[in-house]
Structure formats: structure tokens, C-alpha cells
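Heads up, final_13.cif below (mmCIF, C-alpha atoms and all ligand atoms):
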data_query
#
loop_
_atom_site.label_atom_id
_atom_site.label_comp_id
_atom_site.auth_asym_id
_atom_site.auth_seq_id
_atom_site.Cartn_x
_atom_site.Cartn_y
_atom_site.Cartn_z
CA ASN A 1 0.00 0.00 0.00
CA VAL A 2 1.86 2.93 -1.44
CA PHE A 3 0.15 6.35 -1.47
CA ARG A 4 1.22 8.51 -4.39
CA ALA A 5 0.60 11.90 -6.07
CA THR A 6 2.19 13.41 -9.19
CA THR A 7 2.10 17.03 -10.22
CA THR A 8 3.86 19.57 -12.42
CA ALA A 9 4.76 23.16 -11.62
CA PRO A 10 5.76 25.81 -14.14
CA VAL A 11 8.54 28.35 -14.02
CA ASN A 12 7.71 31.98 -13.23
CA ILE A 13 9.73 34.96 -14.41
CA ALA A 14 9.56 38.12 -12.32
CA VAL A 15 8.87 41.47 -13.93
CA ILE A 16 9.38 43.24 -10.59
CA LYS A 17 12.28 41.37 -9.03
CA TYR A 18 12.70 39.84 -5.61
CA TRP A 19 16.29 40.56 -4.54
CA GLY A 20 17.17 40.84 -0.86
CA LYS A 21 15.93 39.23 2.36
CA ARG A 22 14.81 40.99 5.50
CA ASP A 23 14.96 37.63 7.32
CA ALA A 24 17.20 34.94 5.88
CA THR A 25 15.96 32.19 8.23
CA LEU A 26 12.27 32.55 7.44
CA ASN A 27 13.18 33.64 3.90
CA LEU A 28 11.27 36.92 4.03
CA PRO A 29 11.94 39.43 1.23
CA THR A 30 12.93 43.08 1.59
CA ASN A 31 10.46 44.05 -1.12
CA SER A 32 7.37 42.73 -2.85
CA SER A 33 7.71 41.22 -6.33
CA LEU A 34 5.49 40.29 -9.26
CA SER A 35 5.89 37.58 -11.86
CA VAL A 36 4.32 35.93 -14.85
CA THR A 37 3.87 32.17 -14.63
CA LEU A 38 4.91 30.58 -17.92
CA SER A 39 2.81 27.96 -19.64
CA GLN A 40 3.27 24.32 -18.64
CA ARG A 41 4.14 23.53 -22.24
CA SER A 42 7.32 25.45 -21.58
CA LEU A 43 9.74 24.96 -18.69
CA ARG A 44 8.42 22.87 -15.84
CA THR A 45 9.22 20.38 -13.10
CA VAL A 46 7.37 17.08 -12.69
CA THR A 47 7.36 15.65 -9.19
CA THR A 48 5.97 12.45 -7.70
CA ALA A 49 5.62 12.16 -3.94
CA SER A 50 4.86 8.84 -2.34
CA CYS A 51 4.78 7.40 1.15
CA SER A 52 4.15 3.96 2.54
CA PRO A 53 4.25 2.05 5.82
CA SER A 54 6.41 -0.46 3.93
CA TYR A 55 9.18 2.09 3.16
CA PRO A 56 11.96 1.30 5.66
CA ALA A 57 11.92 3.91 8.45
CA VAL A 58 15.73 3.86 8.66
CA GLU A 59 15.95 5.30 5.15
CA GLY A 60 13.93 8.36 6.20
CA ASP A 61 12.69 10.81 3.60
CA SER A 62 14.45 10.82 0.22
CA LEU A 63 14.64 13.09 -2.81
CA THR A 64 15.83 12.20 -6.29
CA LEU A 65 16.43 15.14 -8.63
CA ASN A 66 16.93 14.44 -12.34
CA GLY A 67 17.83 10.82 -11.54
CA LYS A 68 20.39 11.66 -8.82
CA PRO A 69 19.77 11.18 -5.09
CA GLU A 70 19.99 14.45 -3.13
CA ASN A 71 21.05 14.69 0.48
CA ILE A 72 17.99 16.31 2.01
CA SER A 73 19.27 16.13 5.57
CA SER A 74 21.77 18.85 4.59
CA SER A 75 19.07 21.06 3.04
CA LYS A 76 17.47 23.10 5.82
CA ARG A 77 15.03 24.55 3.31
CA THR A 78 13.71 21.18 2.14
CA LEU A 79 13.48 19.96 5.74
CA ALA A 80 11.51 23.08 6.72
CA CYS A 81 9.04 22.49 3.87
CA LEU A 82 8.59 18.79 4.72
CA SER A 83 8.02 19.43 8.41
CA SER A 84 5.45 22.19 7.72
CA LEU A 85 3.52 19.89 5.36
CA ARG A 86 3.68 16.98 7.83
CA ALA A 87 2.35 19.23 10.59
CA LEU A 88 -0.67 20.13 8.43
CA ARG A 89 -1.31 16.46 7.68
CA LYS A 90 -1.03 15.63 11.39
CA GLU A 91 -3.76 18.19 12.12
CA LEU A 92 -6.07 16.38 9.68
CA GLU A 93 -5.23 13.00 11.20
CA SER A 94 -5.89 14.18 14.75
CA ALA A 95 -9.25 15.57 13.69
CA ASP A 96 -10.29 12.36 11.90
CA SER A 97 -9.01 9.03 13.25
CA SER A 98 -10.25 7.12 10.18
CA LEU A 99 -7.51 8.71 8.05
CA PRO A 100 -4.35 6.69 7.34
CA GLU A 101 -1.41 8.10 9.30
CA LEU A 102 0.57 9.23 6.26
CA SER A 103 2.41 11.80 8.37
CA THR A 104 4.28 8.94 10.10
CA TYR A 105 5.54 7.26 6.90
CA PRO A 106 8.83 8.10 5.14
CA LEU A 107 8.40 10.20 1.98
CA ARG A 108 9.96 9.44 -1.38
CA ILE A 109 10.12 12.39 -3.75
CA VAL A 110 11.19 12.07 -7.36
CA SER A 111 11.60 15.25 -9.38
CA GLU A 112 12.57 15.96 -13.00
CA ASN A 113 13.20 19.32 -14.67
CA ASN A 114 12.84 19.60 -18.43
CA PHE A 115 15.47 22.38 -18.45
CA PRO A 116 18.94 23.04 -17.03
CA THR A 117 19.00 23.25 -13.23
CA ALA A 118 20.46 26.36 -11.56
CA ALA A 119 21.17 28.13 -14.85
CA GLY A 120 19.20 31.20 -13.87
CA LEU A 121 16.07 29.66 -15.37
CA ALA A 122 14.11 29.74 -12.13
CA SER A 123 14.57 26.01 -11.54
CA SER A 124 14.30 26.41 -7.77
CA ALA A 125 10.93 28.12 -8.23
CA ALA A 126 9.38 25.30 -10.24
CA GLY A 127 11.21 22.68 -8.15
CA PHE A 128 9.95 23.75 -4.75
CA ALA A 129 6.48 24.63 -6.05
CA ALA A 130 6.12 21.11 -7.51
CA LEU A 131 7.45 19.53 -4.31
CA ILE A 132 4.95 21.42 -2.15
CA ARG A 133 2.02 20.76 -4.51
CA ALA A 134 2.82 17.02 -4.84
CA ILE A 135 3.02 16.48 -1.07
CA ALA A 136 -0.05 18.68 -0.44
CA ASP A 137 -1.95 16.49 -2.95
CA LEU A 138 -0.58 13.29 -1.41
CA TYR A 139 -1.68 14.48 2.05
CA LYS A 140 -4.99 15.79 0.67
CA LEU A 141 -4.41 19.15 2.36
CA PRO A 142 -7.29 21.62 2.09
CA GLN A 143 -5.02 24.72 2.13
CA SER A 144 -5.28 27.28 -0.70
CA PRO A 145 -2.33 28.10 -3.00
CA THR A 146 -1.85 31.33 -1.03
CA ASP A 147 -1.64 29.35 2.25
CA LEU A 148 0.78 26.90 0.67
CA SER A 149 2.87 29.79 -0.68
CA ARG A 150 3.96 30.43 2.93
CA ILE A 151 5.58 26.98 2.93
CA ALA A 152 6.98 27.20 -0.61
CA ARG A 153 8.60 30.53 0.26
CA GLN A 154 10.76 28.74 2.83
CA GLY A 155 12.06 26.43 0.08
CA SER A 156 12.91 29.25 -2.31
CA GLY A 157 11.41 32.73 -2.28
CA SER A 158 10.48 32.75 -5.95
CA ALA A 159 8.78 29.33 -5.58
CA CYS A 160 5.87 30.87 -3.69
CA ARG A 161 4.82 32.55 -6.96
CA SER A 162 4.77 29.28 -8.97
CA LEU A 163 1.80 27.72 -7.16
CA GLN A 164 -0.57 29.90 -9.17
CA GLY A 165 -0.93 30.69 -12.84
CA GLY A 166 -1.02 34.04 -14.61
CA TYR A 167 0.19 37.21 -12.90
CA VAL A 168 1.23 36.64 -9.31
CA ALA A 169 2.32 39.12 -6.63
CA TRP A 170 4.38 38.11 -3.64
CA ARG A 171 3.52 40.61 -0.89
CA SER A 172 6.60 41.15 1.24
CA GLY A 173 4.45 41.57 4.35
CA THR A 174 5.52 43.30 7.54
CA ASN A 175 4.90 40.66 10.26
CA GLU A 176 8.08 39.33 11.84
CA ASP A 177 6.86 35.73 11.68
CA GLY A 178 6.21 36.00 7.93
CA SER A 179 2.53 35.16 8.26
CA ASP A 180 1.58 37.95 5.81
CA SER A 181 4.41 37.24 3.35
CA VAL A 182 2.36 35.32 0.77
CA ALA A 183 1.71 35.11 -2.96
CA GLU A 184 -1.62 36.00 -4.52
CA GLU A 185 -2.95 36.04 -8.04
CA VAL A 186 -3.26 39.53 -9.56
CA ALA A 187 -4.88 38.24 -12.78
CA PRO A 188 -5.27 34.83 -14.43
CA ALA A 189 -3.34 34.07 -17.64
CA SER A 190 -6.65 34.26 -19.55
CA HIS A 191 -6.89 37.96 -18.66
CA TRP A 192 -4.23 38.77 -21.27
CA PRO A 193 -4.22 36.01 -23.90
CA ASP A 194 -1.97 37.99 -26.28
CA MET A 195 0.94 38.03 -23.84
CA LYS A 196 3.75 35.71 -24.94
CA ALA A 197 7.18 34.85 -23.57
CA LEU A 198 10.31 33.67 -25.30
CA ILE A 199 13.34 32.40 -23.39
CA LEU A 200 16.73 32.88 -25.00
CA VAL A 201 19.13 30.35 -23.55
CA VAL A 202 22.38 32.29 -23.70
CA SER A 203 24.09 29.78 -21.43
CA ALA A 204 22.86 26.56 -19.82
CA GLU A 205 25.84 26.53 -17.41
CA LYS A 206 25.31 26.76 -13.66
CA LYS A 207 25.36 30.42 -12.58
CA ASP A 208 28.50 31.91 -10.98
CA VAL A 209 26.88 33.52 -7.94
CA PRO A 210 23.77 31.71 -6.63
CA SER A 211 20.88 34.13 -5.98
CA THR A 212 20.75 33.37 -2.25
CA THR A 213 24.34 34.54 -1.67
CA GLY A 214 24.24 37.26 -4.35
CA MET A 215 21.25 38.99 -2.83
CA GLN A 216 22.80 39.05 0.64
CA THR A 217 25.96 40.64 -0.76
CA THR A 218 23.77 43.32 -2.35
CA VAL A 219 21.74 43.92 0.84
CA HIS A 220 24.90 44.41 2.89
CA THR A 221 27.01 46.43 0.45
CA SER A 222 24.94 48.31 -2.14
CA PRO A 223 23.82 51.87 -1.30
CA LEU A 224 21.64 51.80 -4.41
CA PHE A 225 19.73 48.80 -3.05
CA ALA A 226 18.24 50.75 -0.13
CA THR A 227 16.68 53.23 -2.57
CA ARG A 228 15.42 50.38 -4.72
CA ALA A 229 13.71 48.56 -1.84
CA GLU A 230 12.28 51.65 -0.13
CA HIS A 231 11.32 53.94 -2.95
CA ILE A 232 11.54 52.35 -6.38
CA VAL A 233 9.86 48.96 -5.99
CA PRO A 234 6.79 50.00 -3.96
CA LYS A 235 5.79 52.52 -6.67
CA ARG A 236 6.50 50.03 -9.42
CA MET A 237 4.35 47.33 -7.81
CA ILE A 238 1.34 49.66 -7.95
CA ALA A 239 2.08 50.79 -11.52
CA MET A 240 2.67 47.20 -12.68
CA GLU A 241 -0.63 45.95 -11.28
CA GLU A 242 -2.36 48.83 -13.03
CA ALA A 243 -0.60 48.03 -16.34
CA ILE A 244 -1.71 44.38 -16.06
CA THR A 245 -5.30 45.28 -15.13
CA ASN A 246 -5.49 47.66 -18.14
CA ARG A 247 -3.57 45.31 -20.46
CA ASP A 248 -1.29 48.28 -21.15
CA PHE A 249 1.69 46.59 -22.82
CA ALA A 250 3.78 49.77 -23.20
CA ALA A 251 3.58 50.45 -19.44
CA PHE A 252 4.14 46.76 -18.61
CA ALA A 253 7.22 46.65 -20.87
CA ASP A 254 8.68 49.93 -19.61
CA LEU A 255 8.38 48.81 -15.95
CA THR A 256 9.72 45.32 -16.72
CA MET A 257 12.84 46.59 -18.49
CA ARG A 258 13.52 49.32 -15.94
CA ASP A 259 13.17 46.89 -13.07
CA SER A 260 15.51 44.36 -14.66
CA ASN A 261 18.04 47.14 -15.28
CA ASN A 262 17.70 48.46 -11.73
CA PHE A 263 18.19 44.98 -10.25
CA HIS A 264 21.33 44.41 -12.36
CA ALA A 265 22.56 47.90 -11.45
CA CYS A 266 22.26 46.91 -7.76
CA CYS A 267 24.27 43.77 -8.53
CA LEU A 268 27.00 45.92 -10.13
CA ASP A 269 26.80 48.30 -7.14
CA SER A 270 27.56 45.40 -4.74
CA GLU A 271 30.98 44.70 -3.26
CA PRO A 272 32.42 42.62 -4.82
CA PRO A 273 30.34 43.47 -7.91
CA ILE A 274 28.13 40.73 -9.31
CA PHE A 275 27.89 40.33 -13.10
CA TYR A 276 25.04 38.26 -14.47
CA LEU A 277 24.70 39.75 -17.97
CA ASN A 278 27.20 38.99 -20.72
CA ASP A 279 27.79 40.26 -24.29
CA VAL A 280 24.97 38.16 -25.73
CA SER A 281 22.59 39.45 -23.01
CA ARG A 282 23.53 43.01 -23.91
CA ALA A 283 23.02 42.26 -27.61
CA ALA A 284 19.51 41.00 -26.74
CA ILE A 285 18.78 44.28 -24.93
CA ARG A 286 19.87 46.28 -27.98
CA LEU A 287 17.77 44.08 -30.25
CA VAL A 288 14.62 44.64 -28.19
CA ASN A 289 15.26 48.39 -28.35
CA ASP A 290 15.72 48.14 -32.15
CA ILE A 291 12.51 46.10 -32.55
CA ASN A 292 10.57 48.73 -30.58
CA ARG A 293 12.14 51.62 -32.49
CA VAL A 294 11.33 50.09 -35.89
CA ALA A 295 7.76 49.24 -34.75
CA GLY A 296 7.30 52.86 -33.66
CA LYS A 297 5.83 51.63 -30.34
CA THR A 298 6.74 49.27 -27.52
CA VAL A 299 5.98 45.72 -28.62
CA ALA A 300 8.63 43.75 -26.71
CA ALA A 301 10.37 43.80 -23.31
CA TYR A 302 13.42 42.01 -21.92
CA THR A 303 14.14 40.83 -18.41
CA PHE A 304 17.07 38.92 -16.87
CA ASP A 305 17.25 36.97 -13.60
CA ALA A 306 20.46 35.89 -11.88
CA GLY A 307 22.09 34.74 -15.13
CA PRO A 308 22.67 35.79 -18.75
CA ASN A 309 19.50 34.20 -20.19
CA ALA A 310 16.96 36.67 -21.55
CA VAL A 311 13.23 36.37 -21.23
CA ILE A 312 11.38 38.40 -23.84
CA TYR A 313 7.75 39.34 -23.24
CA TYR A 314 5.85 40.45 -26.35
CA LEU A 315 2.39 40.57 -27.87
CA ASP A 316 1.16 37.81 -30.15
CA GLU A 317 0.70 40.24 -33.06
CA VAL A 318 4.49 40.69 -33.31
CA SER A 319 5.44 37.00 -32.91
CA GLU A 320 6.89 36.77 -36.42
CA VAL A 321 8.96 39.93 -36.07
CA VAL A 322 10.30 39.01 -32.62
CA GLY A 323 11.03 35.36 -33.51
CA GLY A 324 12.48 36.22 -36.92
CA THR A 325 14.72 39.00 -35.62
CA PHE A 326 16.18 36.99 -32.74
CA LYS A 327 16.73 33.96 -34.97
CA ALA A 328 18.44 36.00 -37.69
CA ILE A 329 20.65 38.15 -35.46
CA LEU A 330 21.32 36.05 -32.36
CA GLY A 331 20.45 32.50 -33.45
CA GLU A 332 24.10 31.40 -33.74
CA SER A 333 25.09 32.85 -30.34
CA LEU A 334 22.39 31.01 -28.39
CA GLU A 335 22.43 27.54 -26.89
CA GLY A 336 18.73 27.29 -27.55
CA TRP A 337 15.38 28.81 -26.90
CA ASP A 338 11.99 27.98 -25.64
CA GLY A 339 8.69 29.67 -26.13
CA PRO A 340 5.44 29.68 -28.06
CA PHE A 341 7.14 29.39 -31.43
CA GLY A 342 10.62 28.34 -30.29
CA ASP A 343 12.34 25.00 -30.60
CA ARG A 344 12.87 22.92 -27.51
CA LEU A 345 16.07 23.73 -25.68
CA ARG A 346 19.01 22.50 -27.63
CA GLY A 347 21.65 20.32 -26.03
CA VAL A 348 19.55 19.55 -23.00
CA SER A 349 18.08 16.11 -22.55
C1 LIG B 401 16.62 37.16 -9.63
O1 LIG B 401 14.03 32.59 -5.22
O2 LIG B 401 16.24 31.79 -6.16
O3 LIG B 401 15.14 35.32 -9.90
O4 LIG B 401 14.80 32.68 -1.90
O5 LIG B 401 17.27 32.48 -1.84
O6 LIG B 401 15.91 30.73 -3.02
P1 LIG B 401 16.03 32.20 -2.63
O7 LIG B 401 16.17 33.02 -3.96
P2 LIG B 401 15.49 32.81 -5.38
O8 LIG B 401 15.75 34.26 -6.02
C2 LIG B 401 15.20 34.65 -7.23
C3 LIG B 401 15.80 35.94 -7.65
C4 LIG B 401 15.43 36.41 -9.05
C5 LIG B 401 14.25 37.38 -9.02
C6 LIG B 401 12.87 36.81 -8.84
O9 LIG B 401 12.60 35.66 -9.24
O10 LIG B 401 12.03 37.57 -8.33
#
Please go through the file and, once you have read it, give me the structure as C-alpha cells.
Amino acid sequence: NVFRATTTAPVNIAVIKYWGKRDATLNLPTNSSLSVTLSQRSLRTVTTASCSPSYPAVEGDSLTLNGKPENISSSKRTLACLSSLRALRKELESADSSLPELSTYPLRIVSENNFPTAAGLASSAAGFAALIRAIADLYKLPQSPTDLSRIARQGSGSACRSLQGGYVAWRSGTNEDGSDSVAEEVAPASHWPDMKALILVVSAEKKDVPSTTGMQTTVHTSPLFATRAEHIVPKRMIAMEEAITNRDFAAFADLTMRDSNNFHACCLDSEPPIFYLNDVSRAAIRLVNDINRVAGKTVAAYTFDAGPNAVIYYLDEVSEVVGGTFKAILGESLEGWDGPFGDRLRGVS
């Protein structure tokens, strides 16, 4: 008698970036952030969680990621997520004695990404979101995605935004215990069906400076960061939600590009400076500017996370122009791409 649940979680790409923690233990952010959840046809993680009284107790909980066993006892974040989920299951079991005591059985978690792990492609977001969802399904937990986002956040901050589709805001919250630091849907994907995303895989290599350490360097050393967190982001969150509500692509694009630039400026302002963009990233920025100039209006926007890979947001009506231009000018410099009209990632099994 093995109990099992399988689920997938998509990647999300922030348009107002999370960078900086006000509490590193509870994983609470300095500022709110907002992201777009990409379609499941694109980048995603598939996770199966199972538990059974016949799994040997001595083995404890186990996690296999892309076919390789991971040492979860050394991952405080994974342990925190598992114990929060178990506690919720225990509550159900104490309220109803007819339920099988799944909370007492060892867990086996098997997870596969269909994209390179830790290459700045938000793998931790999809990974932890899928892990939380799979175990919540296995345990038949009644909690809403917003409730579960509190647990996912402890795995990886950005993961709390991948439990929901469409446009998702992660409210930084002000409570010290993090109880109000949760993700909520701003609009479903269906609100803006013309919105498309293209991922340019500039490099599938593991990133130099992991986001967790990079953001702490910025918090402690960048004077620019304080202005970003206090003054710039709060205004942008309001303006971004308005742009999404009104389906105002020009405003959405302007805020997205400015916020990516401001985040990378804070990285450069850190000591030692952190460089995530490379020559190909900068060429992609120039190309988006050229596409917009030739179109005579803003039809495309770029954004970069903690790595050189570009995510281009654009409207369906300019698919051909955006796809054609990137293929013609940057095609040879890329390791691959993924998106509504893109090929699958090249060189990644
Ligand atoms: C640049 O969520 O990976 O992608 O909470 O330490 O796991 P941890 O950080 P993580 O940081 C993501 C940073 C970002 C911006 C974003 O997704 O908002």
C-alpha cells in the first residue's frame, strides 16, 4: 500500500524582481515582487511524492532530482518544507481518526526538470512549487495556493509565486513571523491572452553567484539597493498591477525593463560586484530596443534573472517579427530557446 501523487509546476519569471531578504531564516523578502507564470508547455518540473508504511523507516525521507539522489538532511530549506507539510497532515489526522497516518511514513520524492537546473532559469521556483504541490496532494491538504505559498517561500522565495498561474504578486508583508508574506494572483493568464514569452538560452551553465548569496551581498554592500527597496519597488508594484489590469503593454514593458536594469545595477553596485549579464545578453537588450524603435511603439520587453539568459515578453501580433529577428541576429550565439514558437532547448536532454 503505497500512497502517491504526481504534479507539475511551471517556471515563473519576475517582472518586478525579488532581490534581498529581511529575514534569511524565514526567507522573508525586503520588497514585494510580481511575476508571470509561464505555460506548462514550456519549462516545468514534474514531481511524484509517495509514502508507505512499507518504506523502511531507517531510510527516512528521500529526494531524487533528475535521476540523482539528493542529500535532504543537509538542506534546511527542504526539511523546513517537509516538516510544515507533515504538521498540516497531522492536524487532519488528529481531527479524523479514520484517516491513514501518512504523516508517520517516510516520503519518497522524485523530481525531473525539463530544463537546465540552476542556470538562472528559475529552476528552484518550479522545483519547490512542484514539491509542495505534490506532497499537499498526497496528504490531501485543504489549504489554498496562497496558504501553501507560505511553505513554498521557505524552500525558495520565488517558488511561492509558482503555485498559481497568470500574474502573481508576492507581498513582502511586515509581520516578523512572515505570516503575511504570501503570494496572490493579480490576474489569471486568460486575462491577457496575447501576452507571450520567449526564453533565449544564452548559457545553460550553472550560474557563478547563486541568488541566495548574491542577494545578501547586495543587501549588505549596495547603497543603491536601499533606494530600490524603499522607494523604487513600492511605486513600481502599484504601476505594474495597473498596467496588467489595463492590459497596457507599453507600461508593462517599460516597468519590466527598468526593473531588470535596476536589479542588475544593484548587482553591479555590490561589493564585490556581481555580473550576471554577458555580451549576448547586452546584444539581446539592444535588439529589443531596435525592434521597438522600428515598430514605432513598444511591442517587446526584456528581463534577466540571476544569469545571462533573456526572457522576452511580447504581444502575439508581433510574434513573427520578434522570432524572426532573434533567430536571424542572435540565433548562432544562443544555446537554444523555448517559447510559443521556439524549438525545444538544444543540447539539454
Ligand atoms: C533574480 O528565489 O532563487 O530570480 O529565496 O534564496 O531561493 P532564494 O532566492 P530565489 O531568487 C530569485 C531571484 C530572481 C528574481 C525573482 O525571481 O524575483
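Ranking A:Ile199, A:Val110, A:Ala189, A:Ala169 by their shortest atom-to-atom distance to ligand LIG 401 (chain B), with all atoms listed in the file included, puts A:Ala169 first.
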Review point. Hey, what's within 10 Å of Ala251 of chain A if we count only C-alpha atoms and toss same-chain stuff fewer than 3 positions away? As an MDAnalysis selection string, please?
Key: chainID A and resid 239:240 242:244 246:248 254:256 298
Check your understanding: Could you pull the residues within 9 Å of Ser158 of chain A, counting all atoms listed in the file, minus those fewer than 4 positions along the same chain, as JSON, numbers by chain?
Key -> {"A": [12, 13, 14, 18, 33, 35, 122, 124, 125, 126, 152, 153, 162, 170]}
Practice item. Enumerate, as a PyMOL selection string, the protein, DNA and RNA residues whose atoms approach (11.6, 32.0, 2.2) to within 12 Å, taking into account all atoms listed in the file and the coordinate frame of the file. Key: chain A and resi 18-30+76-78+80-81+124-125+128+149-161+170+172+177-179+181-183+212
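With distances restricted to all atoms listed in the file, A:Met195 is the closest residue to Glu317 of chain A from A:Met195, A:Ala134, A:Leu38, A:Ala283.
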Review point. In file coordinates, which residues lie within 7 Å of (-0.9, 9.3, -1.9) using only C-alpha atoms, given as a PyMOL selection string?
Key: chain A and resi 2-5+50-51+138-139
Include C-alpha atoms and write out the residues we just selected as a compact mmCIF listing (two decimals), keeping the file's coordinate frame.
# COMPACT_ATOMS: atom_id res chain seq x y z
CA VAL A 2 1.86 2.93 -1.44
CA PHE A 3 0.15 6.35 -1.47
CA ARG A 4 1.22 8.51 -4.39
CA ALA A 5 0.60 11.90 -6.07
CA SER A 50 4.86 8.84 -2.34
CA CYS A 51 4.78 7.40 1.15
CA LEU A 138 -0.58 13.29 -1.41
CA TYR A 139 -1.68 14.48 2.05
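Considering only C-alpha atoms, the residue among A:Arg86, A:Lys297, A:Lys196, A:Arg133 positioned nearest to Gln164 of chain A is A:Arg133.
You will find atom CA of Arg44 of chain A at 25.2 Å from atom CA of Asn278 of chain A.
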Taking all atoms of segment 293-301 of chain A that the file lists, what box with edges along x, y and z, padded by 5 Å per side, do you get, with centre and edge lengths in Å to one decimal, as JSON?
{"center_x": 9.0, "center_y": 48.3, "center_z": -29.6, "size_x": 16.3, "size_y": 19.1, "size_z": 22.6}
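Each of A:Asp180, A:Glu93, A:Asp208, A:Glu112 was compared to Leu141 of chain A using all atoms listed in the file, and A:Glu93 turns out to be the nearest.
The spacing separating atom CA of Glu101 of chain A from atom CA of Arg89 of chain A amounts to 8.5 Å.
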Point to revise | Near-Leu268 of chain A list (12 Å; all atoms listed in the file; drop same-chain fewer than 2 positions) as a count of residues only | key: 23
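Between atom CA of Met257 of chain A and atom CA of Ser32 of chain A lies a distance of 17.0 Å.
Distance check against ligand LIG 401 (chain B) using only C-alpha atoms and all ligand atoms: of A:Tyr313, A:Tyr105, A:Phe304, A:Trp192, the minimum falls on A:Phe304.
When all atoms listed in the file are used to compute distances to Ala250 of chain A, the closest of the residues A:Val299, A:Val311, A:Ala328, A:Val322 turns out to be A:Val299.
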Check your understanding: Residues at most 12 Å from Thr104 of chain A, counting all atoms listed in the file, excluding those fewer than 4 positions away in the same chain, as number ranges by chain?
Key -> A: 51-57, 60-61, 83, 85-87, 89-90, 93, 99-100, 139
Exercise for review: Determine, counting all atoms listed in the file, which protein, DNA and RNA residues have an atom within 8 Å of an atom of Ser281 of chain A; residues of the same chain fewer than 2 positions away are not included. Present the result as a PyMOL selection string.
Suggested key: chain A and resi 202+277-279+283-285+308-310
